[in-house]
Structures are given as structure tokens and as C-alpha cells.
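Colleague: Before I ask anything, here is the structure I am working with.
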Amino acid sequence: MATDTTAASMAMNEMKVSPAATYIEYCKKGQLAYQVSLDDNQPFFYPRVAAPKTGSRNLEWRVSKGLGTVYATTTTTDVKKGNPDYNVVLIDIDEGFRMMSRVEDISSTEVKVGMRVKMRMHPGDDKNPPYPVFIPADAKSGAAK
Amino acid sequence: MSAQGLKRGSVAIVGAAEADLGQVVPETTPVDLMAQATLRALDDAGLKLSDVDGVFAAASQLSMASVDVCEYLGLQPKYQDSTRIGGSAFMSLLSHAHLALQSGLCSVAMITYGSTQRIMTRAAASPREWNQYETPYRMRSPVGAYALAASRHMAQYGTTRDQIAEVAVSARQWALLNPRAWEKDPLTIEDVKNARPVSTPFTVRDCCLVNDGGGAIIVTTAERAKSLKKPPVYVLGSGECMSHRNITSMADLTVTGAAVSGPQAFKAAGLKSSDVNVLGLYDAFTINPILFLEDLGFCPKGEGGRFVEGGRIAPGGELAVNTSGGGLSYCHPGMYGLMILIEQVRQVRGEAGKRQVKDCNVALAHGNGGVLSTQCTAILGSAATV
């Protein structure tokens, strides 16, 4: 029997689950996850194998409450003619990190810098696993977990 | 690389030329355009291909641009460099060439670029990189990132849509003075605002052109430069700042790395913003010159929108910015930084025809790459400055 070199190699490697795969697993559970460096209690996003600047690998995954504030926003014209406009935002999450997302349930032009928003997990599609989107914080449905 | 260690005025640009621009003939390759521009720039300098012993190149369509152009031209240089950091790469390559020349690693350096993104389509020329944390949101890249920066600037500083549009109008007025410019018709603020929407606040007229093209400059030691055909354009100072790769990681969308690269370059040159006679600011989108005017010290932070009002950066205005017509109206072949250096060389030499800035001795060239990610500033000067 030939040795299974792929399995042998993976067994030798340190990383068992990649940062992105871990993030996606949380998304599948409806949770927006981020990392904190325990050495200095600094949150960061996107997920990495080490904290930026310090290089610390003493990291912990935490689940965000999913509340944030719109930092910047743009209404995008779809490259395919006839498809509706959609918005792209940067959101400052209350736990202290920034992420890109989209605000749904209201017209894109109503999304304003400074608006409070809450996370709702998008189920994903043929190209993407589940990913976080946001709705206005005062909306009744889709409460953040 | 910081400007530290580079000697002010120890090297000079002695040749500069554009390749064919706008839309090139079918089946042209990026390397065809690099070779064409290089030979034109050598003619401009009064040098031969065999004089070149340093090759510096970058191209969005080539992962090993200097190697491609060396093969094509049959060169085996002593030194080569294909640093690829987006449209600002050429200001960075200029400082790399400065260091190589100053250190004796080479004696005549060429810096070149070529692109066929118009005949190839932009999607084919610059394929998107996958990013788990941005790709699902379908931001149109790079325009969406710059639109986000504009939205933040508007919200934070009260910058208006009309002020942003005025950047495109000023660029167009300069372009109408440049026979090589792609755009040939006048443009108004209303035209900009009513054009095809792309990503708010931007319409297509807030976005750089999608052109083919390229160029080359020849750089040599100050000593050798003195005996060549054209007046040397000295490299007085340079600076760089790479602040992020993805727009989500840009700490403050209203402050770019130009706030770092600019002061570095001015310090190295021993000059201040009021000494600059002409500015070339990478105008990938209309918000860029507003941000760069602030970050490079030409107006206070937040005042860029008000600063560009009333034709201040247009022909006849107080400050000459993007005299070629810029990436917005002259030519934007994907990585536009080299085209800025070529225009600044022409201005310092007094070769800019109808758009020539009077008594032009100091030119600033500011490159931008990625999504406001890489910022590189170079300050050039005439013989009067050294």
C-alpha cells in the first residue's frame, strides 16, 4: 500500500481548521465571530492565524452581539442591466472592529453614515456560504443573537 | 522603502515617452507597448538600448514584467525589479532605481509600463482576487472602495457632490489643451452628476478612463545626465506608505498614506508645498485629488472639496493639478502612475505646449495603488533646484 501522503502531511501541520473555515462555521450557526488577542485584549477582524502588529497567537474567538454603526456607504448599480441597486457599507461593530457588509430591508439610499444597525445572517447562495448582513437596529424582525 | 539614504538630486530623469495610447490595434501586447515606449524614451534621451543596464517594470497583465520586457528587447541587465503595488508602483520603482543608480548597481535605468486593458477588457486584464470577508458583498472594485471614502468625506466634512464633480470638470479642461488626451469634448458639473450611475456618489464621469497605453522613462546619474540631449529632471525626494490592502482595513477613509509619503518626500527634497509649481495626483476617481491635496499639505484636512471649487485646479486656476487631463480625461491604462511622471517631466522641461505651467521648476508626482492602499510621492526639479 502506498502511504497516504496528503493525510500524513496534514497530520504534521499545526493548523487543523483555517481562520476562514472557523468564521464560516460560526456563520452557519447564525453567529458573527471575531478574534481577540488575549495578550492585550485587542479585537481584530478579519480572522487570522496571529494578531496584527503583535503577532500574538494567544487568540480567542468571540461572538459579536451584532450591533454596529454605519461608517461609510455606497449605493451600487448592478453590472447586469435591470438588476436592482444594492448597497455596500463599512460597519463599525460595537466590540471594536470594522467589517464590510450590506444593509437590507430599507432602500439603499436610506442607509446613512452614523445609522445604527444589527446583524442578520444571510443564508448564502450558490457562490457563498452564509454571511452576515445588517438591518436597521430599530427594525422589529431579525434580532441579533 | 523610505526616502532615507537617497541623495537629493543624485539621479535625473533624462528620457520620457508615451507608448501608443487610448485604444491600440488588435493583438497588441503589453510588452509591445513597453518596448515601443522604451525606444522612444531612449531617443528622447539620446541614448541607445545597449546603454540600459537597469530594468524596472510593472504591469497589471504581467506577473514578471521586467523579465518579459528584457526577453522582448534582448536585454541582460545588471539589475532588474518588477515591484507590483498597483498604480503607484512607478514612483516606488523610481526610488528603487534611485538607490540602484546611487549604489552603482546600474548606470542607466529604464522604467516602463504597458497595458492593453481596453482591447482585452478590464475584467480580463485585472482579474478579481477572492476575499471571504468582502467578495460576498459584491462591491464593484475598485470604484466601490473609493465611493465609500467619498461618502465618509461628505458625511464627516460636508464635502458636496458639486465639489467632487468639479475635479472631473477641471481635468477635462486640462485635457482639452492636450492633443494626446482621449476626451475631446467639454464637460460640466451637471454632465458629471447626470452621467450613468456606478456607485454613489460616483457616476461614470467620476471614474478614470479604461484605456490601452503605456510609457517609459530613462533615469541615470546626475553626472551622466548633464551631457545628454534634454535638460535633466532631477529626483529631489520621494516617500512611500502602504497602509492597507483591502478597504475594510483602512483605518480612516478620509486620511490616506499620502499624509506619510508626502512629508517624507518634502523632507528629502528640502521643500514645502508652496514650492511646488505643478502637481500630478493620481485621479483614479474624483475623490482622490481632494484627499491628496489635503494629505500632501495643500489645504487643511476636510477642506479639499471647498479648495477645488471655482476652478482653482483648472487651467488658469491658482494651482495646476493634473495638467495632462489626468486619468479622468487624458489616459488611464490601468496603472497610471508612470503617465504622471512623464507629464511632470514635460512640465519641468517646458515641453507641455498649451498646458505648460509658467516658470515650472518643481513638480510633484503622487501615485496611488489598490484601494487607496499604496501611496508614493516623488518630487522632481529642474537644474535650478539642485
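Order determines the names: the first chain of the C-alpha cells is A, the second B, and so forth; residues in each chain are numbered 1 upward, and ligands are numbered 1 upward as they are shown.
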From stretch 95-338 of chain B, collect each residue whose DSSP state is helix (DSSP H, G or I) and return the set as a ChimeraX atom specification.
Modeller: /B:95-102,117-120,122-125,135-137,143-157,161-175,189-194,204-206,222-225,247-249,258-269,273-275,287-295,304-307,309-311,326-329,337-338
Colleague: Kindly assemble as CSV a list of the chain B residues that lie within 6 Å of chain A, each paired with its nearest atom pair and their distance in Å to one decimal, using only C-alpha atoms, sorted first by chain and then by ascending residue number.
Modeller:
residue,atom,partner,partner_atom,distance
B:Tyr137,CA,A:Ser101,CA,6.0
B:Leu148,CA,A:Ala72,CA,5.3
B:Ser151,CA,A:Ala72,CA,5.8
B:Arg152,CA,A:Ala72,CA,5.2
B:Val198,CA,A:Thr77,CA,5.2
B:Ser199,CA,A:Thr76,CA,4.3
B:Thr200,CA,A:Thr74,CA,5.1
B:Thr248,CA,A:Met99,CA,5.9
Colleague: Save out the residues we just selected, C-alpha atoms, as an mmCIF file, in the first residue's frame.
Modeller:
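This is the output file result.cif:
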data_model
loop_
_atom_site.group_PDB
_atom_site.id
_atom_site.type_symbol
_atom_site.label_atom_id
_atom_site.label_comp_id
_atom_site.auth_asym_id
_atom_site.auth_seq_id
_atom_site.Cartn_x
_atom_site.Cartn_y
_atom_site.Cartn_z
ATOM 1 C CA TYR B 137 -20.988 41.915 -0.762
ATOM 2 C CA LEU B 148 -17.060 54.583 0.378
ATOM 3 C CA SER B 151 -19.293 59.012 1.351
ATOM 4 C CA ARG B 152 -17.283 59.278 4.533
ATOM 5 C CA VAL B 198 -21.880 53.476 -10.913
ATOM 6 C CA SER B 199 -21.503 53.595 -7.131
ATOM 7 C CA THR B 200 -22.839 56.643 -5.275
ATOM 8 C CA THR B 248 -12.091 47.368 5.262
#
Colleague: For stretch 284-291 of chain B, list every protein, DNA or RNA residue within 8 Å, evaluated using only C-alpha atoms, and leave out those in the same chain fewer than 6 positions away; present the list as a list in words.
Modeller: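 Final neighbour list, sorted by chain and number: Val143, Tyr146, Ala149, Ala150, Ile164, Ala165, Val167, Ala168, Asp206, Cys207, Cys208, Thr254, Val255, Thr256, Gly304, Gly305, Val308, Gly327 and Leu328 of chain B.
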Colleague: Could the residues in this selection be saved with N, CA and C atoms as a PDB file, in the first residue's frame?
Modeller:
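Output below, filename again.pdb:
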ATOM      1  N   VAL B 143     -13.916  50.800  -7.755  1.00  0.00           N
ATOM      2  CA  VAL B 143     -14.706  52.031  -7.604  1.00  0.00           C
ATOM      3  C   VAL B 143     -15.465  52.097  -6.283  1.00  0.00           C
ATOM      4  N   TYR B 146     -13.504  53.537  -3.319  1.00  0.00           N
ATOM      5  CA  TYR B 146     -13.324  54.987  -3.396  1.00  0.00           C
ATOM      6  C   TYR B 146     -14.639  55.706  -3.130  1.00  0.00           C
ATOM      7  N   ALA B 149     -15.048  55.929   0.516  1.00  0.00           N
ATOM      8  CA  ALA B 149     -14.213  57.023   1.037  1.00  0.00           C
ATOM      9  C   ALA B 149     -14.891  58.371   0.794  1.00  0.00           C
ATOM     10  N   ALA B 150     -15.475  58.525  -0.394  1.00  0.00           N
ATOM     11  CA  ALA B 150     -16.166  59.785  -0.708  1.00  0.00           C
ATOM     12  C   ALA B 150     -17.363  59.974   0.219  1.00  0.00           C
ATOM     13  N   ILE B 164     -17.043  67.537  -5.641  1.00  0.00           N
ATOM     14  CA  ILE B 164     -16.403  66.322  -6.154  1.00  0.00           C
ATOM     15  C   ILE B 164     -16.445  66.312  -7.684  1.00  0.00           C
ATOM     16  N   ALA B 165     -17.583  66.697  -8.243  1.00  0.00           N
ATOM     17  CA  ALA B 165     -17.732  66.724  -9.704  1.00  0.00           C
ATOM     18  C   ALA B 165     -16.778  67.729 -10.343  1.00  0.00           C
ATOM     19  N   VAL B 167     -13.786  68.257  -9.783  1.00  0.00           N
ATOM     20  CA  VAL B 167     -12.485  67.637 -10.072  1.00  0.00           C
ATOM     21  C   VAL B 167     -12.476  67.090 -11.510  1.00  0.00           C
ATOM     22  N   ALA B 168     -13.574  66.457 -11.899  1.00  0.00           N
ATOM     23  CA  ALA B 168     -13.670  65.903 -13.259  1.00  0.00           C
ATOM     24  C   ALA B 168     -13.730  67.018 -14.300  1.00  0.00           C
ATOM     25  N   ASP B 206     -17.004  60.288 -12.860  1.00  0.00           N
ATOM     26  CA  ASP B 206     -16.121  60.408 -11.685  1.00  0.00           C
ATOM     27  C   ASP B 206     -15.021  59.354 -11.715  1.00  0.00           C
ATOM     28  N   CYS B 207     -15.081  58.469 -12.701  1.00  0.00           N
ATOM     29  CA  CYS B 207     -14.169  57.327 -12.759  1.00  0.00           C
ATOM     30  C   CYS B 207     -13.128  57.532 -13.850  1.00  0.00           C
ATOM     31  N   CYS B 208     -11.930  57.015 -13.605  1.00  0.00           N
ATOM     32  CA  CYS B 208     -10.887  57.098 -14.613  1.00  0.00           C
ATOM     33  C   CYS B 208     -11.299  56.324 -15.859  1.00  0.00           C
ATOM     34  N   THR B 254     -10.787  58.951   5.391  1.00  0.00           N
ATOM     35  CA  THR B 254     -10.549  60.324   4.943  1.00  0.00           C
ATOM     36  C   THR B 254      -9.073  60.711   5.007  1.00  0.00           C
ATOM     37  N   VAL B 255      -8.230  59.802   5.484  1.00  0.00           N
ATOM     38  CA  VAL B 255      -6.790  60.106   5.577  1.00  0.00           C
ATOM     39  C   VAL B 255      -6.003  58.996   4.889  1.00  0.00           C
ATOM     40  N   THR B 256      -5.289  59.339   3.828  1.00  0.00           N
ATOM     41  CA  THR B 256      -4.548  58.330   3.074  1.00  0.00           C
ATOM     42  C   THR B 256      -3.080  58.313   3.492  1.00  0.00           C
ATOM     43  N   GLY B 304     -10.628  69.932   1.263  1.00  0.00           N
ATOM     44  CA  GLY B 304     -10.320  69.639  -0.133  1.00  0.00           C
ATOM     45  C   GLY B 304     -11.457  69.949  -1.094  1.00  0.00           C
ATOM     46  N   GLY B 305     -12.671  69.665  -0.674  1.00  0.00           N
ATOM     47  CA  GLY B 305     -13.836  69.938  -1.536  1.00  0.00           C
ATOM     48  C   GLY B 305     -13.966  71.425  -1.810  1.00  0.00           C
ATOM     49  N   VAL B 308     -11.139  72.865  -4.221  1.00  0.00           N
ATOM     50  CA  VAL B 308     -11.170  72.680  -5.683  1.00  0.00           C
ATOM     51  C   VAL B 308     -12.279  73.484  -6.362  1.00  0.00           C
ATOM     52  N   GLY B 327      -6.026  60.803 -15.260  1.00  0.00           N
ATOM     53  CA  GLY B 327      -6.639  59.517 -15.542  1.00  0.00           C
ATOM     54  C   GLY B 327      -8.115  59.671 -15.883  1.00  0.00           C
ATOM     55  N   LEU B 328      -8.690  60.799 -15.491  1.00  0.00           N
ATOM     56  CA  LEU B 328     -10.116  61.034 -15.753  1.00  0.00           C
ATOM     57  C   LEU B 328     -10.388  61.397 -17.200  1.00  0.00           C
TER      58      LEU B 328
END
Colleague: In Å, with one decimal, what is the gap from atom CA of B:Ala175 to atom CA of B:Gly87?
Modeller: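 So the two atoms, atom CA of B:Ala175 and atom CA of B:Gly87, lie 20.2 Å apart.
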Colleague: So, with only C-alpha atoms as the atoms that count, which of A:Ala7, A:Met12, A:Leu38, A:Ala137 lies closest to A:Arg62?
Modeller: A:Leu38
